[in-house]
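To start, the structure under review is shown below, and the notes come after it.
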Amino acid sequence: MDKEIRKIGVLTSGGDAPGMNAAIRAVVRKSIVNGLEVVGIERGFLGLLNEEIFEMNKRSVSDIIQQGGTILGTARCHEFREEEVQEQAAQICRKHGIDGIVVIGGDGSYRGAQALARHGINTIGIPGTIDLDIACTDYTIGFDTAINTAMQAIDKVRDTSSSHERCSIIEVMGRGAGYIALWCGMANGAEDILIPETYDYDEQRIVDNIINNRKHGKKHHIIINAEGIGHSTSMARRIEAATGIETRATILGYMQRGGSPSCKDRFYASIMGAYAADIISQGKSNRVVAYKNGEFCDFDIEEALAMTKKIPDYQYEVALELSR
């Protein structure tokens, strides 16, 4: 039988992402509509262990939907991998009368939610990560804002790169996944796109491409490099030495995480937050909200973590073909 839920907590964990505040707002307001009490937990699982817990109401989330980052704060908590720490967290939940927690974050955050569920605290995950690398969902909160932030920055670098007839290596985020690099590479018309899923470290191919393009009148050359490959500055030095063409590296870094979320991120995060509030109020646990094949749905966290995701071959092939 589903567990009766009277009071829930909401936290954000791992890397921040634009749209997390929209999700928090939706969780709080929809839970209150559903007759639940809501508390906010600051600084993720670390804040839970430190009992950084406060009551929330509808006014607590006023005027936050347009804000980047997360009003609850976030932190990494490596000690949460330990069984005794997980039990301690569950005991803290019981101490504060918290029957369930909505966790907004990525795969690592889901493992924390899964651990709490094993210790009797109902948990629901919401996918919040700019990397789009959660296999069970076609959409993750923050991705749309991040790629638009990066795209606009790359457009600006392209302008100056063309003026100086340079090669520019622009490094975007994505340690283990190349979605940001692929989307920006396509949207910005990059000549080369380097992603961890496919890169073979053949710099001679890149050098040959730059020289060939220059022979055909190209005034600039844009290389989008994913964070997971990295070493953009040293790569720029090697390419300049090999081609004789001035080459500069630009690392966009954490600017991609910040900024006011896009309309899409606000809308999808709001629906996902409301969906999470609904299913946790029904007593469901160990679930993750997803957007799959055009519909909002939910999966068992174990099932979600077991799924794999890869860059679609056709999308990558088209991006390469259009760059030539």
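Lettering and numbering for the structure tokens are positional, with chains as A, B, ... in the shown order, residues counted from 1 in each chain, and ligands counted from 1 in the shown order.
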
Find the residues of segment 243-316 of chain A that sit at most 7 Å from segment 136-151 of chain A; for each, write down the nearest two atoms and how far apart they are in Å, to one decimal. Count only C-alpha atoms. Sort by chain, then by number going up, and give it as a tab-separated table.
residue	atom	partner	partner_atom	distance
A:Gln256	CA	A:Ala146	CA	4.8
A:Arg257	CA	A:Ala146	CA	6.1
A:Pro261	CA	A:Thr145	CA	5.5
A:Ser262	CA	A:Thr145	CA	5.3
A:Lys264	CA	A:Asp144	CA	6.9
A:Asp265	CA	A:Ile141	CA	5.8
A:Ala269	CA	A:Ile141	CA	6.0
A:Ala290	CA	A:Thr137	CA	4.8
A:Tyr291	CA	A:Thr137	CA	5.1
A:Lys292	CA	A:Thr137	CA	5.4
A:Ala304	CA	A:Cys136	CA	5.3
A:Met307	CA	A:Cys136	CA	6.4

For those residues, write C-alpha atoms to a file as an mmCIF file, in the first residue's frame.
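Contents of the output file again29.cif:
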data_model
loop_
_atom_site.group_PDB
_atom_site.id
_atom_site.type_symbol
_atom_site.label_atom_id
_atom_site.label_comp_id
_atom_site.auth_asym_id
_atom_site.auth_seq_id
_atom_site.Cartn_x
_atom_site.Cartn_y
_atom_site.Cartn_z
ATOM 1 C CA GLN A 256 26.876 28.350 -19.148
ATOM 2 C CA ARG A 257 25.311 27.367 -15.809
ATOM 3 C CA PRO A 261 16.328 30.463 -17.675
ATOM 4 C CA SER A 262 14.736 30.314 -21.100
ATOM 5 C CA LYS A 264 11.374 26.314 -22.366
ATOM 6 C CA ASP A 265 13.376 25.643 -19.207
ATOM 7 C CA ALA A 269 10.714 22.619 -15.101
ATOM 8 C CA ALA A 290 11.051 12.312 -17.252
ATOM 9 C CA TYR A 291 10.017 13.735 -20.590
ATOM 10 C CA LYS A 292 9.973 10.896 -23.096
ATOM 11 C CA ALA A 304 16.502 4.947 -14.953
ATOM 12 C CA MET A 307 19.568 2.997 -18.966
#

Contact residues around Arg214 of chain A with only C-alpha atoms at 10 Å, ignoring same-chain residues under 6 positions, as a PyMOL selection string: chain A and resi 165+208+220-221+245

Got a sec: who's within 8 Å of segment 23-35 of chain A, counting only C-alpha atoms, leaving out chain neighbours fewer than 2 positions off, as a compact mmCIF listing (two decimals) with C-alpha atoms, in the first residue's frame?
# COMPACT_ATOMS: atom_id res chain seq x y z
CA ARG A 6 1.75 14.69 4.96
CA VAL A 10 12.64 19.70 -1.57
CA GLY A 19 15.30 26.43 -14.30
CA MET A 20 15.87 24.74 -10.94
CA ASN A 21 14.03 27.61 -9.24
CA GLU A 37 3.28 20.78 4.23
CA VAL A 38 6.55 21.69 2.52
CA MET A 56 8.07 27.01 2.91
CA ASN A 57 4.79 28.45 1.68
CA LYS A 58 3.54 29.91 -1.59
CA VAL A 61 8.80 30.97 -3.95
CA SER A 62 7.41 34.27 -5.22
CA ILE A 64 12.02 33.27 -8.33
CA ILE A 65 10.94 31.67 -11.61
CA VAL A 102 11.83 15.74 -4.02
CA ILE A 104 16.33 18.02 -8.21
CA ARG A 266 10.83 27.53 -17.08
CA ALA A 269 10.71 22.62 -15.10
CA SER A 270 7.31 23.82 -13.87
CA ILE A 271 5.51 20.81 -15.34
CA MET A 272 8.13 18.41 -13.98
CA GLY A 273 7.94 20.00 -10.54
CA ALA A 274 4.16 19.77 -10.47
CA ALA A 276 6.75 15.27 -8.93
CA ALA A 277 4.49 16.91 -6.34
CA ASP A 278 1.51 14.93 -7.61
CA SER A 281 1.46 13.08 -2.70

Would you please give, as a ChimeraX atom specification, all residues of segment 7-123 of chain A that DSSP assigns to helix (DSSP H, G or I) based on the backbone? /A:20-33,44-49,58-61,78-81,83-95,107-118

Would you mind exporting the chosen residues as an mmCIF file, in the first residue's frame, restricted to C-alpha atoms?
data_model
loop_
_atom_site.group_PDB
_atom_site.id
_atom_site.type_symbol
_atom_site.label_atom_id
_atom_site.label_comp_id
_atom_site.auth_asym_id
_atom_site.auth_seq_id
_atom_site.Cartn_x
_atom_site.Cartn_y
_atom_site.Cartn_z
ATOM 1 C CA MET A 20 15.869 24.744 -10.940
ATOM 2 C CA ASN A 21 14.027 27.613 -9.242
ATOM 3 C CA ALA A 22 11.046 27.093 -11.528
ATOM 4 C CA ALA A 23 10.997 23.440 -10.457
ATOM 5 C CA ILE A 24 11.264 24.365 -6.755
ATOM 6 C CA ARG A 25 8.395 26.841 -7.170
ATOM 7 C CA ALA A 26 6.202 24.223 -8.823
ATOM 8 C CA VAL A 27 6.980 21.545 -6.215
ATOM 9 C CA VAL A 28 6.123 23.914 -3.365
ATOM 10 C CA ARG A 29 2.945 25.394 -4.793
ATOM 11 C CA LYS A 30 1.508 22.149 -6.220
ATOM 12 C CA SER A 31 2.258 20.288 -2.979
ATOM 13 C CA ILE A 32 0.393 22.935 -0.995
ATOM 14 C CA VAL A 33 -2.540 22.645 -3.415
ATOM 15 C CA GLY A 44 21.458 19.442 -0.904
ATOM 16 C CA PHE A 45 22.153 16.241 1.014
ATOM 17 C CA LEU A 46 24.869 18.022 2.990
ATOM 18 C CA GLY A 47 22.282 20.504 4.241
ATOM 19 C CA LEU A 48 19.975 17.634 5.159
ATOM 20 C CA LEU A 49 22.712 16.104 7.322
ATOM 21 C CA LYS A 58 3.543 29.911 -1.592
ATOM 22 C CA ARG A 59 5.146 33.266 -0.803
ATOM 23 C CA SER A 60 8.514 31.561 -0.214
ATOM 24 C CA VAL A 61 8.796 30.974 -3.949
ATOM 25 C CA HIS A 78 30.565 12.402 -0.996
ATOM 26 C CA GLU A 79 29.959 10.970 2.475
ATOM 27 C CA PHE A 80 26.343 10.298 1.493
ATOM 28 C CA ARG A 81 27.605 7.159 -0.256
ATOM 29 C CA GLU A 83 25.291 3.418 4.566
ATOM 30 C CA GLU A 84 25.459 4.845 8.084
ATOM 31 C CA VAL A 85 25.256 8.409 6.719
ATOM 32 C CA GLN A 86 22.200 7.480 4.673
ATOM 33 C CA GLU A 87 20.513 6.052 7.775
ATOM 34 C CA GLN A 88 21.418 9.208 9.686
ATOM 35 C CA ALA A 89 19.742 11.297 6.966
ATOM 36 C CA ALA A 90 16.600 9.165 7.143
ATOM 37 C CA GLN A 91 16.502 9.605 10.932
ATOM 38 C CA ILE A 92 16.776 13.381 10.479
ATOM 39 C CA CYS A 93 13.827 13.265 8.089
ATOM 40 C CA ARG A 94 11.769 11.363 10.668
ATOM 41 C CA LYS A 95 12.849 13.816 13.392
ATOM 42 C CA ASP A 107 22.390 10.847 -11.782
ATOM 43 C CA GLY A 108 24.444 11.259 -8.606
ATOM 44 C CA SER A 109 21.523 12.970 -6.907
ATOM 45 C CA TYR A 110 19.267 10.075 -7.886
ATOM 46 C CA ARG A 111 21.587 7.642 -6.122
ATOM 47 C CA GLY A 112 21.155 9.691 -2.964
ATOM 48 C CA ALA A 113 17.388 9.653 -3.443
ATOM 49 C CA GLN A 114 17.496 5.907 -4.018
ATOM 50 C CA ALA A 115 19.400 5.446 -0.756
ATOM 51 C CA LEU A 116 16.830 7.460 1.208
ATOM 52 C CA ALA A 117 14.032 5.393 -0.337
ATOM 53 C CA ARG A 118 15.731 2.212 0.906
#

Which is closest to Ile101 of chain A among A:Thr233, A:Thr123, A:Gln152, A:Asn212, if we use only C-alpha atoms?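 Counting only C-alpha atoms, the residue closest to Ile101 of chain A is A:Thr123.
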
Where in segment 25-147 of chain A does DSSP assign strand (DSSP E), given as a ChimeraX atom specification? /A:37-41,53-56,100-105,122-127

Report as an MDAnalysis selection string all protein, DNA and RNA residues lying within 8 Å of Gly185 of chain A, evaluated on only C-alpha atoms, omitting residues in the same chain fewer than 6 positions from it. chainID A and resid 191:193 223:224 319

Please list as a PyMOL selection string every residue within 12 Å of Ile311 of chain A, counting only C-alpha atoms and excluding residues in the same chain fewer than 5 positions away. chain A and resi 131-135+138+176-183+195-198+316-317+319

Kindly save the residues from that selection, with C-alpha atoms included, as an mmCIF file, in the first residue's frame.
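As written to disk, selection.cif reads:
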data_model
loop_
_atom_site.group_PDB
_atom_site.id
_atom_site.type_symbol
_atom_site.label_atom_id
_atom_site.label_comp_id
_atom_site.auth_asym_id
_atom_site.auth_seq_id
_atom_site.Cartn_x
_atom_site.Cartn_y
_atom_site.Cartn_z
ATOM 1 C CA ASP A 131 24.445 18.206 -19.810
ATOM 2 C CA LEU A 132 21.294 16.418 -21.136
ATOM 3 C CA ASP A 133 22.997 13.161 -20.142
ATOM 4 C CA ILE A 134 20.254 11.418 -18.138
ATOM 5 C CA ALA A 135 19.259 8.401 -20.189
ATOM 6 C CA ASP A 138 14.761 13.487 -23.588
ATOM 7 C CA GLY A 176 31.215 13.005 -20.151
ATOM 8 C CA ALA A 177 28.613 14.008 -22.709
ATOM 9 C CA GLY A 178 28.915 16.008 -25.922
ATOM 10 C CA TYR A 179 25.359 17.298 -26.279
ATOM 11 C CA ILE A 180 26.212 20.960 -25.631
ATOM 12 C CA ALA A 181 29.145 20.769 -28.048
ATOM 13 C CA LEU A 182 27.068 19.029 -30.720
ATOM 14 C CA TRP A 183 24.124 21.429 -30.515
ATOM 15 C CA ILE A 195 32.967 15.413 -28.384
ATOM 16 C CA PRO A 196 34.113 12.737 -25.901
ATOM 17 C CA GLU A 197 31.875 10.085 -27.465
ATOM 18 C CA THR A 198 33.662 10.132 -30.843
ATOM 19 C CA TYR A 316 26.477 13.840 -35.469
ATOM 20 C CA GLU A 317 26.918 12.816 -39.113
ATOM 21 C CA ALA A 319 26.681 18.164 -38.139
#

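You can rank A:Gly9, A:Gly14, A:Gly73, A:Gly258 by their closest distance to Ile124 of chain A using only C-alpha atoms, and at the top of that list sits A:Gly9.
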
Identify which of the residues A:Ala236, A:Leu194, A:Gly125, A:Gly68 lies closest to Tyr275 of chain A, counting only C-alpha atoms when measuring atom-to-atom distances. A:Gly125
